[in-house]
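Trainee: This is protein-v8.cif, which holds mmCIF, C-alpha atoms:
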```cif
data_input
#
loop_
_atom_site.group_PDB
_atom_site.id
_atom_site.type_symbol
_atom_site.label_atom_id
_atom_site.label_comp_id
_atom_site.auth_asym_id
_atom_site.auth_seq_id
_atom_site.Cartn_x
_atom_site.Cartn_y
_atom_site.Cartn_z
ATOM 1 C CA MET A 813 38.388 48.599 -30.703
ATOM 2 C CA ASN A 814 40.143 51.831 -31.426
ATOM 3 C CA THR A 815 38.226 53.536 -28.636
ATOM 4 C CA MET A 816 39.672 51.168 -26.028
ATOM 5 C CA SER A 817 42.560 52.190 -23.930
ATOM 6 C CA LEU A 818 45.821 50.322 -23.915
ATOM 7 C CA LYS A 819 44.983 48.909 -20.492
ATOM 8 C CA GLU A 820 41.606 47.562 -21.751
ATOM 9 C CA LYS A 821 43.285 46.040 -24.840
ATOM 10 C CA ALA A 822 45.827 44.285 -22.635
ATOM 11 C CA ALA A 823 43.073 42.957 -20.348
ATOM 12 C CA LEU A 824 41.055 41.725 -23.356
ATOM 13 C CA ALA A 825 44.153 40.060 -24.817
ATOM 14 C CA THR A 826 44.836 38.342 -21.488
ATOM 15 C CA VAL A 827 41.225 37.086 -21.272
ATOM 16 C CA MET A 828 41.444 35.822 -24.858
ATOM 17 C CA MET A 829 44.714 33.989 -24.124
ATOM 18 C CA VAL A 830 43.205 32.394 -21.008
ATOM 19 C CA LEU A 831 40.183 31.256 -23.068
ATOM 20 C CA LEU A 832 42.450 29.793 -25.782
ATOM 21 C CA TYR A 833 44.482 27.938 -23.160
ATOM 22 C CA ALA A 834 41.245 26.621 -21.610
ATOM 23 C CA VAL A 835 40.064 25.380 -25.020
ATOM 24 C CA ALA A 836 43.464 23.763 -25.655
ATOM 25 C CA VAL A 837 43.378 22.018 -22.259
ATOM 26 C CA ALA A 838 39.793 20.834 -22.850
ATOM 27 C CA LEU A 839 40.736 19.428 -26.279
ATOM 28 C CA TRP A 840 43.800 17.730 -24.824
ATOM 29 C CA PHE A 841 41.761 16.066 -22.051
ATOM 30 C CA THR A 842 39.066 14.850 -24.452
ATOM 31 C CA SER A 843 41.641 13.377 -26.820
ATOM 32 C CA GLN A 844 43.442 11.789 -23.888
ATOM 33 C CA SER A 845 40.251 10.244 -22.546
ATOM 34 C CA ALA A 846 39.945 8.247 -25.779
ATOM 35 C CA ALA A 847 43.555 7.133 -25.405
ATOM 36 C CA TRP A 848 42.908 6.218 -21.762
ATOM 37 C CA ALA A 849 39.860 4.165 -22.785
ATOM 38 C CA LYS A 850 41.903 2.355 -25.436
ATOM 39 C CA ALA A 851 44.727 1.726 -22.957
ATOM 40 C CA ALA A 852 42.223 0.419 -20.391
ATOM 41 C CA LYS A 853 40.808 -2.051 -22.937
ATOM 42 C CA THR A 854 44.309 -3.197 -23.899
ATOM 43 C CA TYR A 855 45.185 -3.631 -20.231
ATOM 44 C CA ALA A 856 42.001 -5.620 -19.555
ATOM 45 C CA ARG A 857 42.749 -7.901 -22.528
ATOM 46 C CA ALA A 858 46.351 -8.434 -21.398
ATOM 47 C CA LYS A 859 45.177 -9.148 -17.854
ATOM 48 C CA ALA A 860 42.650 -11.725 -19.097
ATOM 49 C CA THR A 861 45.331 -13.381 -21.245
ATOM 50 C CA TYR A 862 47.727 -13.467 -18.293
ATOM 51 C CA GLU A 863 45.107 -15.030 -16.006
ATOM 52 C CA SER A 864 44.225 -17.633 -18.631
ATOM 53 C CA GLU A 865 47.869 -18.553 -19.231
ATOM 54 C CA TYR A 866 48.551 -18.609 -15.483
ATOM 55 C CA ARG A 867 45.646 -21.028 -15.024
ATOM 56 C CA LEU A 868 46.971 -23.279 -17.825
ATOM 57 C CA ILE A 869 50.477 -23.265 -16.380
ATOM 58 C CA ALA A 870 49.030 -24.187 -12.990
ATOM 59 C CA GLU A 871 47.306 -27.161 -14.677
ATOM 60 C CA LYS A 872 50.517 -28.359 -16.359
ATOM 61 C CA ALA A 873 50.618 -31.650 -14.443
ATOM 62 C CA LYS A 874 46.999 -32.375 -15.380
ATOM 63 C CA TRP A 875 47.661 -31.765 -19.096
ATOM 64 C CA ASN A 876 50.898 -33.777 -19.042
ATOM 65 C CA GLN A 877 49.016 -36.695 -17.480
ATOM 66 C CA ALA A 878 46.228 -36.423 -20.069
ATOM 67 C CA TYR A 879 48.885 -36.436 -22.816
ATOM 68 C CA GLU A 880 50.572 -39.523 -21.360
ATOM 69 C CA ASP A 881 47.188 -41.297 -21.068
ATOM 70 C CA GLU A 882 46.372 -40.594 -24.733
ATOM 71 C CA LYS A 883 49.891 -41.544 -25.786
ATOM 72 C CA ALA A 884 49.501 -44.915 -24.042
ATOM 73 C CA LEU A 885 46.335 -45.592 -26.086
ATOM 74 C CA MET A 886 48.018 -44.782 -29.380
ATOM 75 C CA PRO A 887 48.849 -47.757 -31.612
ATOM 76 C CA THR A 888 52.555 -48.496 -31.971
ATOM 77 C CA PHE A 889 54.216 -50.154 -34.966
ATOM 78 C CA GLU A 890 57.679 -51.604 -35.494
ATOM 79 C CA ALA A 891 60.242 -49.280 -37.031
ATOM 80 C CA GLY A 892 60.188 -49.576 -40.821
ATOM 81 C CA LYS A 893 56.907 -51.542 -40.971
ATOM 82 C CA ALA A 894 54.395 -50.296 -43.560
ATOM 83 C CA THR A 895 51.183 -49.153 -41.900
ATOM 84 C CA ASP A 896 49.015 -48.276 -44.881
ATOM 85 C CA THR A 897 47.559 -51.767 -45.294
ATOM 86 C CA THR A 898 46.583 -51.852 -41.614
ATOM 87 C CA TRP A 899 44.806 -48.483 -41.763
ATOM 88 C CA LEU A 900 43.184 -49.105 -45.149
ATOM 89 C CA GLY A 901 41.841 -52.436 -43.893
ATOM 90 C CA LYS A 902 40.391 -50.911 -40.725
ATOM 91 C CA MET A 903 38.819 -48.056 -42.666
ATOM 92 C CA ASP A 904 37.339 -50.442 -45.253
ATOM 93 C CA ALA A 905 35.933 -52.715 -42.519
ATOM 94 C CA LEU A 906 34.234 -49.781 -40.759
ATOM 95 C CA ALA A 907 32.937 -48.425 -44.064
ATOM 96 C CA ALA A 908 31.449 -51.819 -44.996
ATOM 97 C CA LYS A 909 29.919 -52.154 -41.517
ATOM 98 C CA HIS A 910 28.121 -48.826 -41.994
ATOM 99 C CA HIS A 911 27.219 -49.360 -45.662
ATOM 100 C CA ILE A 912 29.572 -46.745 -47.065
ATOM 101 C CA SER A 913 30.875 -47.738 -50.479
ATOM 102 C CA ILE A 914 34.472 -46.607 -51.090
ATOM 103 C CA SER A 915 35.609 -46.982 -54.686
ATOM 104 C CA GLN A 916 38.772 -44.852 -54.923
ATOM 105 C CA ARG A 917 41.258 -44.529 -52.074
ATOM 106 C CA GLN A 918 44.965 -44.015 -51.731
ATOM 107 C CA SER A 919 47.307 -43.638 -48.790
ATOM 108 C CA GLY A 920 49.720 -40.735 -48.698
ATOM 109 C CA LYS A 921 53.176 -40.396 -47.223
ATOM 110 C CA GLU A 922 53.845 -40.777 -43.525
ATOM 111 C CA VAL A 923 54.139 -37.354 -41.852
ATOM 112 C CA GLU A 924 55.999 -36.792 -38.592
ATOM 113 C CA SER A 925 54.238 -34.512 -36.110
ATOM 114 C CA GLY A 926 56.356 -34.432 -32.962
ATOM 115 C CA GLU A 927 56.406 -37.908 -31.405
ATOM 116 C CA VAL A 928 53.366 -38.928 -33.426
ATOM 117 C CA LEU A 929 53.307 -40.124 -37.022
ATOM 118 C CA GLU A 930 50.331 -39.466 -39.256
ATOM 119 C CA LEU A 931 49.283 -41.261 -42.422
ATOM 120 C CA PRO A 932 46.758 -39.423 -44.590
ATOM 121 C CA ILE A 933 44.350 -41.529 -46.634
ATOM 122 C CA GLU A 934 42.689 -39.773 -49.556
ATOM 123 C CA VAL A 935 39.275 -41.243 -50.340
ATOM 124 C CA ARG A 936 38.389 -39.725 -53.696
ATOM 125 C CA SER A 937 35.054 -41.447 -54.123
ATOM 126 C CA TRP A 938 32.571 -42.749 -51.577
ATOM 127 C CA GLU A 939 28.803 -43.215 -51.602
ATOM 128 C CA GLY A 940 26.255 -43.812 -48.865
ATOM 129 C CA ALA A 941 23.259 -42.505 -46.969
ATOM 130 C CA LEU A 942 23.656 -39.536 -44.632
ATOM 131 C CA GLU A 943 22.806 -41.613 -41.560
ATOM 132 C CA SER A 944 25.382 -44.234 -42.573
ATOM 133 C CA LEU A 945 27.997 -41.531 -43.093
ATOM 134 C CA VAL A 946 27.349 -40.050 -39.645
ATOM 135 C CA LYS A 947 27.589 -43.457 -37.962
ATOM 136 C CA PHE A 948 30.776 -44.261 -39.926
ATOM 137 C CA MET A 949 32.403 -40.959 -38.932
ATOM 138 C CA HIS A 950 31.328 -41.352 -35.310
ATOM 139 C CA GLU A 951 32.831 -44.821 -35.068
ATOM 140 C CA LEU A 952 36.066 -43.663 -36.735
ATOM 141 C CA GLU A 953 36.442 -40.911 -34.152
ATOM 142 C CA ASN A 954 35.563 -43.170 -31.189
ATOM 143 C CA THR A 955 36.978 -46.597 -32.047
ATOM 144 C CA ASP A 956 39.618 -48.334 -29.947
ATOM 145 C CA GLU A 957 41.229 -49.808 -33.069
ATOM 146 C CA GLY A 958 43.216 -46.667 -33.842
ATOM 147 C CA MET A 959 43.240 -42.914 -33.790
ATOM 148 C CA PHE A 960 41.495 -41.455 -36.802
ATOM 149 C CA ASP A 961 40.637 -37.903 -37.757
ATOM 150 C CA ILE A 962 38.613 -36.767 -40.760
ATOM 151 C CA ARG A 963 40.507 -33.656 -41.841
ATOM 152 C CA SER A 964 38.292 -32.682 -44.760
ATOM 153 C CA ILE A 965 35.104 -33.931 -46.316
ATOM 154 C CA SER A 966 32.978 -32.908 -49.268
ATOM 155 C CA PHE A 967 29.770 -34.417 -50.543
ATOM 156 C CA LYS A 968 26.856 -33.823 -52.855
ATOM 157 C CA PRO A 969 23.667 -35.697 -53.744
ATOM 158 C CA SER A 970 24.213 -38.953 -55.610
ATOM 159 C CA SER A 971 22.239 -40.187 -58.601
ATOM 160 C CA LYS A 972 20.766 -42.797 -56.220
ATOM 161 C CA LYS A 973 17.818 -41.382 -54.321
ATOM 162 C CA GLY A 974 18.641 -40.620 -50.667
ATOM 163 C CA TYR A 975 22.378 -41.173 -51.124
ATOM 164 C CA LEU A 976 25.369 -38.869 -51.034
ATOM 165 C CA LYS A 977 28.713 -39.138 -52.779
ATOM 166 C CA GLY A 978 31.950 -37.292 -52.300
ATOM 167 C CA SER A 979 35.475 -37.422 -50.955
ATOM 168 C CA PHE A 980 37.291 -37.093 -47.636
ATOM 169 C CA THR A 981 40.752 -37.167 -46.125
ATOM 170 C CA LEU A 982 41.256 -39.492 -43.176
ATOM 171 C CA THR A 983 44.347 -39.105 -41.008
ATOM 172 C CA CYS A 984 45.562 -42.069 -38.966
ATOM 173 C CA ALA A 985 47.833 -41.337 -35.982
ATOM 174 C CA TYR A 986 50.316 -43.816 -34.518
ATOM 175 C CA MET A 987 53.796 -44.177 -33.085
ATOM 176 C CA ARG A 988 56.864 -46.205 -33.951
ATOM 177 C CA GLU A 989 58.899 -48.344 -31.562
ATOM 178 C CA LYS A 990 62.354 -46.929 -30.922
#
```
As structure tokens, what does this structure read like?

Mentor:
Amino acid sequence: MNTMSLKEKAALATVMMVLLYAVAVALWFTSQSAAWAKAAKTYARAKATYESEYRLIAEKAKWNQAYEDEKALMPTFEAGKATDTTWLGKMDALAAKHHISISQRQSGKEVESGEVLELPIEVRSWEGALESLVKFMHELENTDEGMFDIRSISFKPSSKKGYLKGSFTLTCAYMREK
């Protein structure tokens, strides 16, 4: 290096600076391409969400009509009338029809969920065959005698061969007259 002239040193320094700038630009573009890819994914996700929400908003009348149709099917009780005996009786009748033995049950407190009221029924002990349980649950979900939903269920083999025992929480939905 000492044998180089000042002009050669200046030219070498300029070439080195140009190479460093080229490396810096290349690194910047590669790091930015990852950011661009991430931004493109975020944009695509936001666009899909927008299109989905736009479609739902466009179907507002359809969903309002479906809500009104379901609301019309919902059982309605007088204001202040206790509903637990009605729901317990319907549940017991369906359980007996499908050979499900319920030995411990208790209704909870009425819960308001918008316009709809819900009454949870805790069944702490039931016993029956798997096929009977499936038929019982299917009829609960599809009966015209009320709106029922099994929120939780647990079971294990019973001491009786081919039977199950366990617990479940049944929620009954209804409305009150105003």

Trainee: What does the distance from atom CA of A:Trp840 to atom CA of A:Leu824 come to in Å, to one decimal?

Mentor: 24.2 Å

Trainee: Measuring atom to atom with all atoms listed in the file, identify which of A:Lys902, A:Lys859, A:Arg867, A:Lys893 is nearest to A:Met959.

Mentor: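 Using all atoms listed in the file, the shortest distance to A:Met959 belongs to A:Lys902.
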
Trainee: Extract, using all atoms listed in the file, all DNA, RNA and protein residues at most 10 Å from A:Ile962, discarding same-chain residues fewer than 4 positions from it, and format them as a list in words.

Mentor: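 Listing them by chain and then by number gives Pro932, Ile933, Met949, Leu952, Glu953, Phe980, Thr981, Leu982, Thr983 and Cys984 of chain A.
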
Trainee: Can you tell me, as a list in words, what residues are no more than 12 Å from A:Lys977 when counting all atoms listed in the file, ignoring any on the same chain fewer than 2 positions away?

Mentor: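 Selected residues are Ile912, Ser913, Ile914, Ser915, Gln916, Val935, Arg936, Ser937, Trp938, Glu939, Gly940, Ala941, Leu942, Ser944, Leu945, Ile965, Ser966, Phe967, Lys968, Pro969, Ser970, Ser971, Lys972, Lys973, Gly974, Tyr975, Ser979 and Phe980 of chain A.
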
Trainee: Residues picked by the PyMOL selection byres ((chain A and resi 885) around 12) here, as a list of chain:residue names?

Mentor: A:Ala878, A:Tyr879, A:Glu880, A:Asp881, A:Glu882, A:Lys883, A:Ala884, A:Met886, A:Pro887, A:Thr888, A:Thr955, A:Asp956, A:Glu957, A:Gly958, A:Met959, A:Ala985, A:Tyr986, A:Met987

Trainee: So which one's closest to A:Ala905, A:Ser925, A:Phe948, A:Ala891, A:Tyr866? Using only C-alpha atoms, please.

Mentor: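 Distance minimum relative to A:Ala905 lands on A:Phe948.
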
Trainee: Find, counting all atoms listed in the file, the residue in A:Glu871, A:Leu818, A:Val946, A:Thr895 that gets nearest to A:Lys921.

Mentor: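 For A:Lys921, the nearest of the candidates is A:Thr895.
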
Trainee: Which one of A:Ser964, A:Ser864, A:Ser919, A:Gln844 sits closest to A:Trp899 if you count only C-alpha atoms?

Mentor: A:Ser919

Trainee: For A:Arg917, which residue among A:Glu951, A:Glu890, A:Asp896, A:Glu989 is the nearest when counting all atoms listed in the file?

Mentor: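 Looking at the shortest contact to A:Arg917, the residue is A:Asp896.
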
Trainee: Would you mind putting back N, CA and C atoms on stretch 921-943 of chain A, then writing it out as an mmCIF file, in the coordinates of the input?

Mentor:
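The resulting rebuild.cif:
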```
data_model
loop_
_atom_site.group_PDB
_atom_site.id
_atom_site.type_symbol
_atom_site.label_atom_id
_atom_site.label_comp_id
_atom_site.auth_asym_id
_atom_site.auth_seq_id
_atom_site.Cartn_x
_atom_site.Cartn_y
_atom_site.Cartn_z
ATOM 1 N N LYS A 921 51.886 -40.157 -47.865
ATOM 2 C CA LYS A 921 53.176 -40.396 -47.223
ATOM 3 C C LYS A 921 53.067 -40.132 -45.729
ATOM 4 N N GLU A 922 53.801 -40.919 -44.973
ATOM 5 C CA GLU A 922 53.845 -40.777 -43.525
ATOM 6 C C GLU A 922 54.415 -39.402 -43.166
ATOM 7 N N VAL A 923 53.722 -38.696 -42.264
ATOM 8 C CA VAL A 923 54.139 -37.354 -41.852
ATOM 9 C C VAL A 923 54.455 -37.379 -40.361
ATOM 10 N N GLU A 924 55.607 -36.835 -39.995
ATOM 11 C CA GLU A 924 55.999 -36.792 -38.592
ATOM 12 C C GLU A 924 55.467 -35.508 -37.966
ATOM 13 N N SER A 925 54.787 -35.659 -36.830
ATOM 14 C CA SER A 925 54.238 -34.512 -36.110
ATOM 15 C C SER A 925 54.623 -34.660 -34.643
ATOM 16 N N GLY A 926 55.827 -34.233 -34.317
ATOM 17 C CA GLY A 926 56.356 -34.432 -32.962
ATOM 18 C C GLY A 926 56.690 -35.898 -32.759
ATOM 19 N N GLU A 927 56.179 -36.491 -31.682
ATOM 20 C CA GLU A 927 56.406 -37.908 -31.405
ATOM 21 C C GLU A 927 55.473 -38.800 -32.217
ATOM 22 N N VAL A 928 54.421 -38.189 -32.748
ATOM 23 C CA VAL A 928 53.366 -38.928 -33.426
ATOM 24 C C VAL A 928 53.603 -38.921 -34.935
ATOM 25 N N LEU A 929 53.269 -40.028 -35.564
ATOM 26 C CA LEU A 929 53.307 -40.124 -37.022
ATOM 27 C C LEU A 929 51.874 -40.144 -37.533
ATOM 28 N N GLU A 930 51.665 -39.520 -38.667
ATOM 29 C CA GLU A 930 50.331 -39.466 -39.256
ATOM 30 C C GLU A 930 50.396 -39.971 -40.685
ATOM 31 N N LEU A 931 49.390 -40.755 -41.052
ATOM 32 C CA LEU A 931 49.283 -41.261 -42.422
ATOM 33 C C LEU A 931 47.956 -40.775 -43.002
ATOM 34 N N PRO A 932 48.009 -39.871 -43.977
ATOM 35 C CA PRO A 932 46.758 -39.423 -44.590
ATOM 36 C C PRO A 932 46.263 -40.435 -45.616
ATOM 37 N N ILE A 933 44.973 -40.663 -45.632
ATOM 38 C CA ILE A 933 44.350 -41.529 -46.634
ATOM 39 C C ILE A 933 43.347 -40.669 -47.399
ATOM 40 N N GLU A 934 43.581 -40.545 -48.694
ATOM 41 C CA GLU A 934 42.689 -39.773 -49.556
ATOM 42 C C GLU A 934 41.624 -40.710 -50.125
ATOM 43 N N VAL A 935 40.390 -40.485 -49.777
ATOM 44 C CA VAL A 935 39.275 -41.243 -50.340
ATOM 45 C C VAL A 935 38.640 -40.311 -51.367
ATOM 46 N N ARG A 936 38.859 -40.621 -52.639
ATOM 47 C CA ARG A 936 38.389 -39.725 -53.696
ATOM 48 C C ARG A 936 36.942 -39.974 -54.093
ATOM 49 N N SER A 937 36.428 -41.150 -53.743
ATOM 50 C CA SER A 937 35.054 -41.447 -54.123
ATOM 51 C C SER A 937 34.421 -42.393 -53.111
ATOM 52 N N TRP A 938 33.363 -41.924 -52.488
ATOM 53 C CA TRP A 938 32.571 -42.749 -51.577
ATOM 54 C C TRP A 938 31.101 -42.451 -51.845
ATOM 55 N N GLU A 939 30.238 -43.401 -51.429
ATOM 56 C CA GLU A 939 28.803 -43.215 -51.602
ATOM 57 C C GLU A 939 28.080 -43.896 -50.456
ATOM 58 N N GLY A 940 27.033 -43.237 -49.951
ATOM 59 C CA GLY A 940 26.255 -43.812 -48.865
ATOM 60 C C GLY A 940 25.186 -42.842 -48.400
ATOM 61 N N ALA A 941 24.319 -43.337 -47.537
ATOM 62 C CA ALA A 941 23.259 -42.505 -46.969
ATOM 63 C C ALA A 941 23.842 -41.594 -45.887
ATOM 64 N N LEU A 942 23.180 -40.489 -45.638
ATOM 65 C CA LEU A 942 23.656 -39.536 -44.632
ATOM 66 C C LEU A 942 23.771 -40.191 -43.257
ATOM 67 N N GLU A 943 22.777 -40.958 -42.865
ATOM 68 C CA GLU A 943 22.806 -41.613 -41.560
ATOM 69 C C GLU A 943 23.989 -42.584 -41.479
#
```
